[in-house]
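I have placed the structure first, in the form of structure tokens, so that the comments after it can refer back to it.
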Amino acid sequence: MNKVAERSFLKSQIVDLDRLIDLTGDDPLMAPGLIARKTEFERRLGDLPTYIRQPQSTFYFSGGPVRGSQGIDAEFASKMLDLVQEITTFEFLHRKHGVLNTRGRVALAPEAKLMLTALPRGSFGLELRPANEFDMVDGQFLGDALQHFTDLLGAASESDAAFETALAEAPVRVLPKLKSLFETLQTYDAQLRLVTGDRELELSRDRIVSAVERVQATSENAEEVVIDGFYRGATLESRKIDFKTLDQQVITARLADDISEQDIGRLVLNQRLQPTFRRSALQPRGGTVRHSYELLSLVSQAAQLAVAANPAQELGAGE
């Protein structure tokens with residue numbers, strides 16, 4: 001049972017016990033037992049954390065793909081589970097490493113792998129928890145990823161401003177998956193109640209329609225650009241590089257898969273470069289453009305053209 005559901009259960013039990021205690025009055029046989037049970041429930045309620053960040057989410061579906069609390073359309077459930085896993089992985093990697101590459105292979109993240117652990121009653125529920133043992137830090141990252149995923153769904157169904165704020169904290173690669181998730185809900189005429197930690201979200205048909213329109217109206221495009229500036233350092237564990245442009249803008253870029261640690265190791269701090277970046281632009285409806293960068297090549301296009309014109313010229317990092 002997730003913590004939100006447990007808190008709700010304990011509160012309802014305490015209310016029911018209060019009624020029974022009022023009815024029994026001072027009955028010497030029944031009253032002591034009821035009071036003891038109420039005390040125990042109050043203790044358990046008090047032990048629950050006020051703020052819950054746990055790596056667990058419970059999805060309660062209703063509507064088209066669901067038959068009461070007995071079953072759910074297998075194709076719909078499979079699509080939703082795949083999308084939830086992919087978005088969670090992107091969110092986890094984004095929180096753990098800070099920058100997620102905008103294309104190509106996604107790094108393996110066994111710590112973010114989820115397992116279907118229960119089928120709670122109430123419409124039809126799917127409870128997801130970590131599939132593997134995790135340390136405290138990874139558990140925190142995964143808990144944050146699932147909670148932000150919940151917040152992102154809620155913001156997309158709420159308003160343009162809320163969605164823009166939530167999207168600013170998400171990796172760019174989440175957007176296509178988010179579109180697919182809402183479109184799947186709409187196609188199957190499904191409704192969703194989602195509980196993650198202390199977050200609880202209700203997505204009615206109307207809110208899902210609003211979310212589909214809002215997410216579909218969010219534009220994204222990417223282009224390759226050569227930027228003149230200075231190397232400001234790298235974090236190889238997270239495969240990030242810092243770069244300052246000539247107009248003093250600082251860019252944090254994810255390294256493309258074919259950029260090796262040896263390539264970065266040959267650079268000198270404050271070395272002037274003209275590398276090629278893949279610049280992705282994301283713009284929510286009515287919002288501001290948000291850019292993310294991926295370093296594609298340490299050799300500029302201009303240098304490549306020079307070599308083509310003069311094959312005897314050698315290229316070095318940053319030339």
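Numbering starts fresh at 1 for the residues of each chain in the structure tokens, the chains themselves are lettered A, B, ... in the order given, and ligands are numbered from 1 as they appear.
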- [ ] Check the DSSP output for the backbone and give back, as a ChimeraX atom specification, the residues of segment 21-245 of chain A in strand (DSSP E).
- [x] /A:57-63,66-67,71-72,114-118,124-130,190-196,199-203,219-226,229-235,240-245
Open item on the list: Quick one: residues within 8 Å of Ala222 of chain A, only C-alpha atoms, excluding same-chain residues fewer than 2 positions away - as a list in words?
Closed with: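 Near Ala222 of chain A, the qualifying residues are Glu220, Glu224, Arg278, Arg279, Ser280 and Ala281 of chain A.
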Output all heavy atoms for every residue in that selection, as a short mmCIF file (atom, residue, chain, number, x, y, z; two decimals), in the first residue's frame.
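Saved result, result_30.cif, follows:
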data_model
loop_
_atom_site.label_atom_id
_atom_site.label_comp_id
_atom_site.auth_asym_id
_atom_site.auth_seq_id
_atom_site.Cartn_x
_atom_site.Cartn_y
_atom_site.Cartn_z
N GLU A 220 9.20 21.63 -31.12
CA GLU A 220 10.58 21.23 -30.90
C GLU A 220 11.29 21.14 -32.24
O GLU A 220 10.72 20.71 -33.24
CB GLU A 220 10.64 19.88 -30.18
CG GLU A 220 9.88 18.77 -30.86
CD GLU A 220 10.04 17.44 -30.16
OE1 GLU A 220 11.07 17.23 -29.50
OE2 GLU A 220 9.13 16.61 -30.29
N GLU A 224 22.27 21.74 -36.22
CA GLU A 224 23.69 21.69 -35.92
C GLU A 224 24.29 23.07 -36.12
O GLU A 224 24.07 23.71 -37.15
CB GLU A 224 24.40 20.66 -36.82
CG GLU A 224 24.01 19.23 -36.50
CD GLU A 224 24.86 18.20 -37.24
OE1 GLU A 224 25.88 18.61 -37.84
OE2 GLU A 224 24.52 17.01 -37.21
N ARG A 278 24.80 20.13 -31.41
CA ARG A 278 23.40 19.94 -31.81
C ARG A 278 22.58 20.73 -30.80
O ARG A 278 22.56 20.44 -29.61
CB ARG A 278 23.00 18.46 -31.76
CG ARG A 278 21.55 18.20 -32.16
CD ARG A 278 21.23 16.71 -32.09
NE ARG A 278 19.85 16.42 -32.41
CZ ARG A 278 19.38 16.24 -33.64
NH1 ARG A 278 20.22 16.32 -34.68
NH2 ARG A 278 18.11 15.97 -33.85
N ARG A 279 21.90 21.78 -31.30
CA ARG A 279 21.10 22.66 -30.43
C ARG A 279 19.62 22.34 -30.62
O ARG A 279 19.08 22.47 -31.71
CB ARG A 279 21.37 24.12 -30.75
CG ARG A 279 20.58 25.09 -29.87
CD ARG A 279 21.04 26.51 -30.07
NE ARG A 279 20.85 26.96 -31.44
CZ ARG A 279 21.43 28.04 -31.97
NH1 ARG A 279 22.28 28.76 -31.22
NH2 ARG A 279 21.20 28.39 -33.22
N SER A 280 18.99 21.90 -29.53
CA SER A 280 17.57 21.57 -29.56
C SER A 280 16.78 22.70 -28.91
O SER A 280 17.19 23.22 -27.86
CB SER A 280 17.30 20.25 -28.83
OG SER A 280 17.98 19.19 -29.45
N ALA A 281 15.68 23.07 -29.54
CA ALA A 281 14.84 24.14 -29.02
C ALA A 281 13.46 23.57 -28.69
O ALA A 281 12.85 22.86 -29.48
CB ALA A 281 14.70 25.25 -30.05
#
TODO: Using DSSP on the backbone coordinates, identify all residues within segment 7-54 of chain A classified as alpha helix (DSSP H); present the result as a VMD selection string.
DONE: chain A and resid 7 to 24 31 to 47
Task: Proximity to Gly265 of chain A - best of A:Glu91, A:Leu236, A:Ala168, A:Pro284, only C-alpha atoms - done: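 Selected residue with least distance to Gly265 of chain A: A:Leu236.
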Task: Residue contacts of Pro275 of chain A (6 Å, only C-alpha atoms) excluding same-chain residues fewer than 5 positions away, as a list in words - done: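 Using only C-alpha atoms, the neighbours found are Val226, Ser297, Leu298, Val299 and Ser300 of chain A.
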Open item on the list: So that I can see what lies close to Pro120 of chain A, please list as a PyMOL selection string the residues with an atom at most 12 Å from it, counting only C-alpha atoms and leaving out residues fewer than 3 positions away in the same chain.
Closed with: chain A and resi 1-2+5+57-61+69-71+116-117+123-128+195
Open item on the list: Between atom CA of Lys177 of chain A and atom CA of Gly287 of chain A, what distance in Å does the model show, to one decimal?
Closed with: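 A separation of 20.1 Å between them.
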Open item on the list: Can you measure atom CA of Gln54 of chain A to atom CA of Thr235 of chain A for me? One decimal in Å is fine.
Closed with: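 Computing it gives 28.5 Å between the two atoms.
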Open item on the list: My list of candidates is A:Ala211, A:Glu261, A:Leu34, A:Leu273. Which is closest to Glu183 of chain A when distances are computed with only C-alpha atoms?
Closed with: A:Ala211
Open item on the list: Here is a test: counting only C-alpha atoms, which residue of A:Ser292, A:Thr24, A:Thr150, A:Gln85 is nearest to Val250 of chain A?
Closed with: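 Closest to Val250 of chain A, using only C-alpha atoms: A:Ser292.
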Close residues, segment 169-171 of chain A itself excluded, 12 Å, only C-alpha atoms, min 4 positions apart in chain, as a JSON list (two decimals) with N, CA and C atoms, in the first residue's frame:
[["chain", "number", "residue", "atom", "x", "y", "z"],
["A", 86, "GLU", "N", 9.94, 4.46, -19.86],
["A", 86, "GLU", "CA", 10.85, 5.30, -20.65],
["A", 86, "GLU", "C", 10.95, 6.70, -20.07],
["A", 87, "ILE", "N", 9.82, 7.29, -19.71],
["A", 87, "ILE", "CA", 9.85, 8.64, -19.15],
["A", 87, "ILE", "C", 10.58, 8.64, -17.82],
["A", 88, "THR", "N", 10.33, 7.63, -16.99],
["A", 88, "THR", "CA", 11.01, 7.55, -15.70],
["A", 88, "THR", "C", 12.52, 7.43, -15.87],
["A", 89, "THR", "N", 12.95, 6.63, -16.86],
["A", 89, "THR", "CA", 14.39, 6.48, -17.12],
["A", 89, "THR", "C", 15.00, 7.81, -17.53],
["A", 90, "PHE", "N", 14.33, 8.54, -18.44],
["A", 90, "PHE", "CA", 14.84, 9.85, -18.86],
["A", 90, "PHE", "C", 14.93, 10.80, -17.67],
["A", 91, "GLU", "N", 13.88, 10.83, -16.85],
["A", 91, "GLU", "CA", 13.87, 11.72, -15.69],
["A", 91, "GLU", "C", 14.97, 11.33, -14.70],
["A", 92, "PHE", "N", 15.15, 10.03, -14.47],
["A", 92, "PHE", "CA", 16.18, 9.56, -13.54],
["A", 92, "PHE", "C", 17.57, 9.98, -14.02],
["A", 93, "LEU", "N", 17.88, 9.71, -15.29],
["A", 93, "LEU", "CA", 19.20, 10.05, -15.82],
["A", 93, "LEU", "C", 19.43, 11.56, -15.80],
["A", 94, "HIS", "N", 18.38, 12.32, -16.08],
["A", 94, "HIS", "CA", 18.48, 13.77, -16.07],
["A", 94, "HIS", "C", 18.82, 14.27, -14.67],
["A", 95, "ARG", "N", 18.23, 13.66, -13.65],
["A", 95, "ARG", "CA", 18.50, 14.09, -12.28],
["A", 95, "ARG", "C", 19.86, 13.59, -11.79],
["A", 96, "LYS", "N", 20.24, 12.42, -12.22],
["A", 96, "LYS", "CA", 21.51, 11.86, -11.74],
["A", 96, "LYS", "C", 22.70, 12.49, -12.44],
["A", 97, "HIS", "N", 22.58, 12.77, -13.74],
["A", 97, "HIS", "CA", 23.72, 13.26, -14.52],
["A", 97, "HIS", "C", 23.59, 14.71, -14.97],
["A", 98, "GLY", "N", 22.41, 15.32, -14.79],
["A", 98, "GLY", "CA", 22.27, 16.74, -15.09],
["A", 98, "GLY", "C", 21.90, 17.06, -16.51],
["A", 99, "VAL", "N", 22.47, 16.37, -17.49],
["A", 99, "VAL", "CA", 22.19, 16.62, -18.89],
["A", 99, "VAL", "C", 21.99, 15.27, -19.57],
["A", 100, "LEU", "N", 20.96, 15.18, -20.42],
["A", 100, "LEU", "CA", 20.68, 13.95, -21.14],
["A", 100, "LEU", "C", 20.84, 14.22, -22.62],
["A", 101, "ASN", "N", 21.54, 13.32, -23.33],
["A", 101, "ASN", "CA", 21.74, 13.56, -24.76],
["A", 101, "ASN", "C", 20.40, 13.62, -25.47],
["A", 102, "THR", "N", 20.34, 14.40, -26.54],
["A", 102, "THR", "CA", 19.08, 14.69, -27.21],
["A", 102, "THR", "C", 18.74, 13.71, -28.31],
["A", 103, "ARG", "N", 19.62, 12.78, -28.59],
["A", 103, "ARG", "CA", 19.36, 11.80, -29.64],
["A", 103, "ARG", "C", 20.21, 10.56, -29.36],
["A", 144, "ASP", "N", 12.54, 11.24, -6.85],
["A", 144, "ASP", "CA", 12.38, 12.56, -7.46],
["A", 144, "ASP", "C", 11.86, 12.43, -8.89],
["A", 145, "ALA", "N", 12.40, 11.45, -9.64],
["A", 145, "ALA", "CA", 11.99, 11.27, -11.03],
["A", 145, "ALA", "C", 10.51, 10.92, -11.13],
["A", 146, "LEU", "N", 10.04, 10.01, -10.28],
["A", 146, "LEU", "CA", 8.63, 9.63, -10.31],
["A", 146, "LEU", "C", 7.72, 10.77, -9.87],
["A", 147, "GLN", "N", 8.17, 11.53, -8.87],
["A", 147, "GLN", "CA", 7.34, 12.65, -8.42],
["A", 147, "GLN", "C", 7.29, 13.75, -9.48],
["A", 148, "HIS", "N", 8.42, 14.02, -10.15],
["A", 148, "HIS", "CA", 8.37, 15.04, -11.18],
["A", 148, "HIS", "C", 7.54, 14.57, -12.37],
["A", 149, "PHE", "N", 7.59, 13.28, -12.68],
["A", 149, "PHE", "CA", 6.74, 12.71, -13.72],
["A", 149, "PHE", "C", 5.27, 12.97, -13.39],
["A", 150, "THR", "N", 4.89, 12.75, -12.14],
["A", 150, "THR", "CA", 3.51, 13.01, -11.70],
["A", 150, "THR", "C", 3.18, 14.49, -11.83],
["A", 151, "ASP", "N", 4.10, 15.36, -11.38],
["A", 151, "ASP", "CA", 3.88, 16.81, -11.49],
["A", 151, "ASP", "C", 3.76, 17.24, -12.94],
["A", 152, "LEU", "N", 4.56, 16.63, -13.83],
["A", 152, "LEU", "CA", 4.55, 17.00, -15.24],
["A", 152, "LEU", "C", 3.21, 16.65, -15.88],
["A", 153, "LEU", "N", 2.66, 15.48, -15.55],
["A", 153, "LEU", "CA", 1.33, 15.12, -16.06],
["A", 153, "LEU", "C", 0.28, 16.12, -15.58],
["A", 155, "ALA", "N", 0.73, 19.26, -14.56],
["A", 155, "ALA", "CA", 0.94, 20.58, -15.14],
["A", 155, "ALA", "C", 0.46, 20.63, -16.59],
["A", 162, "ALA", "N", 1.79, 26.51, -16.01],
["A", 162, "ALA", "CA", 2.24, 25.40, -15.17],
["A", 162, "ALA", "C", 3.06, 24.40, -15.98],
["A", 163, "PHE", "N", 2.64, 24.13, -17.22],
["A", 163, "PHE", "CA", 3.35, 23.19, -18.06],
["A", 163, "PHE", "C", 4.73, 23.71, -18.43],
["A", 164, "GLU", "N", 4.83, 25.00, -18.73],
["A", 164, "GLU", "CA", 6.13, 25.58, -19.07],
["A", 164, "GLU", "C", 7.10, 25.45, -17.90],
["A", 165, "THR", "N", 6.61, 25.70, -16.68],
["A", 165, "THR", "CA", 7.46, 25.60, -15.49],
["A", 165, "THR", "C", 7.93, 24.16, -15.28],
["A", 175, "LEU", "N", 9.46, 14.87, -24.10],
["A", 175, "LEU", "CA", 8.29, 15.43, -24.79],
["A", 175, "LEU", "C", 7.61, 14.43, -25.73],
["A", 176, "PRO", "N", 8.30, 13.77, -26.66],
["A", 176, "PRO", "CA", 7.60, 12.83, -27.54],
["A", 176, "PRO", "C", 6.90, 11.71, -26.77],
["A", 177, "LYS", "N", 7.53, 11.22, -25.70],
["A", 177, "LYS", "CA", 6.91, 10.16, -24.90],
["A", 177, "LYS", "C", 5.69, 10.69, -24.15],
["A", 178, "LEU", "N", 5.77, 11.94, -23.70],
["A", 178, "LEU", "CA", 4.64, 12.55, -23.01],
["A", 178, "LEU", "C", 3.46, 12.69, -23.97],
["A", 254, "ARG", "N", 25.89, 18.00, -23.26],
["A", 254, "ARG", "CA", 26.13, 16.56, -23.14],
["A", 254, "ARG", "C", 27.07, 16.13, -24.25],
["A", 280, "SER", "N", 18.99, 21.90, -29.53],
["A", 280, "SER", "CA", 17.57, 21.57, -29.56],
["A", 280, "SER", "C", 16.78, 22.70, -28.91],
["A", 281, "ALA", "N", 15.68, 23.07, -29.54],
["A", 281, "ALA", "CA", 14.84, 24.14, -29.02],
["A", 281, "ALA", "C", 13.46, 23.57, -28.69],
["A", 282, "LEU", "N", 13.00, 23.90, -27.50],
["A", 282, "LEU", "CA", 11.70, 23.43, -27.03],
["A", 282, "LEU", "C", 10.89, 24.66, -26.61],
["A", 290, "ARG", "N", 13.40, 27.14, -24.86],
["A", 290, "ARG", "CA", 14.43, 26.55, -24.00],
["A", 290, "ARG", "C", 15.37, 25.75, -24.88],
["A", 291, "HIS", "N", 16.66, 26.01, -24.74],
["A", 291, "HIS", "CA", 17.66, 25.33, -25.55],
["A", 291, "HIS", "C", 18.43, 24.30, -24.72],
["A", 292, "SER", "N", 18.80, 23.21, -25.36],
["A", 292, "SER", "CA", 19.73, 22.24, -24.77],
["A", 292, "SER", "C", 20.76, 21.90, -25.85],
["A", 293, "TYR", "N", 21.94, 21.46, -25.39],
["A", 293, "TYR", "CA", 23.06, 21.29, -26.32],
["A", 293, "TYR", "C", 23.69, 19.91, -26.16]]
TODO: Find the residues around segment 11-15 of chain A up to 12 Å (only C-alpha atoms counted), leave out those fewer than 6 positions away in its own chain, and share them as a PyMOL selection string.
DONE: chain A and resi 4-5+21-22+34-46+48
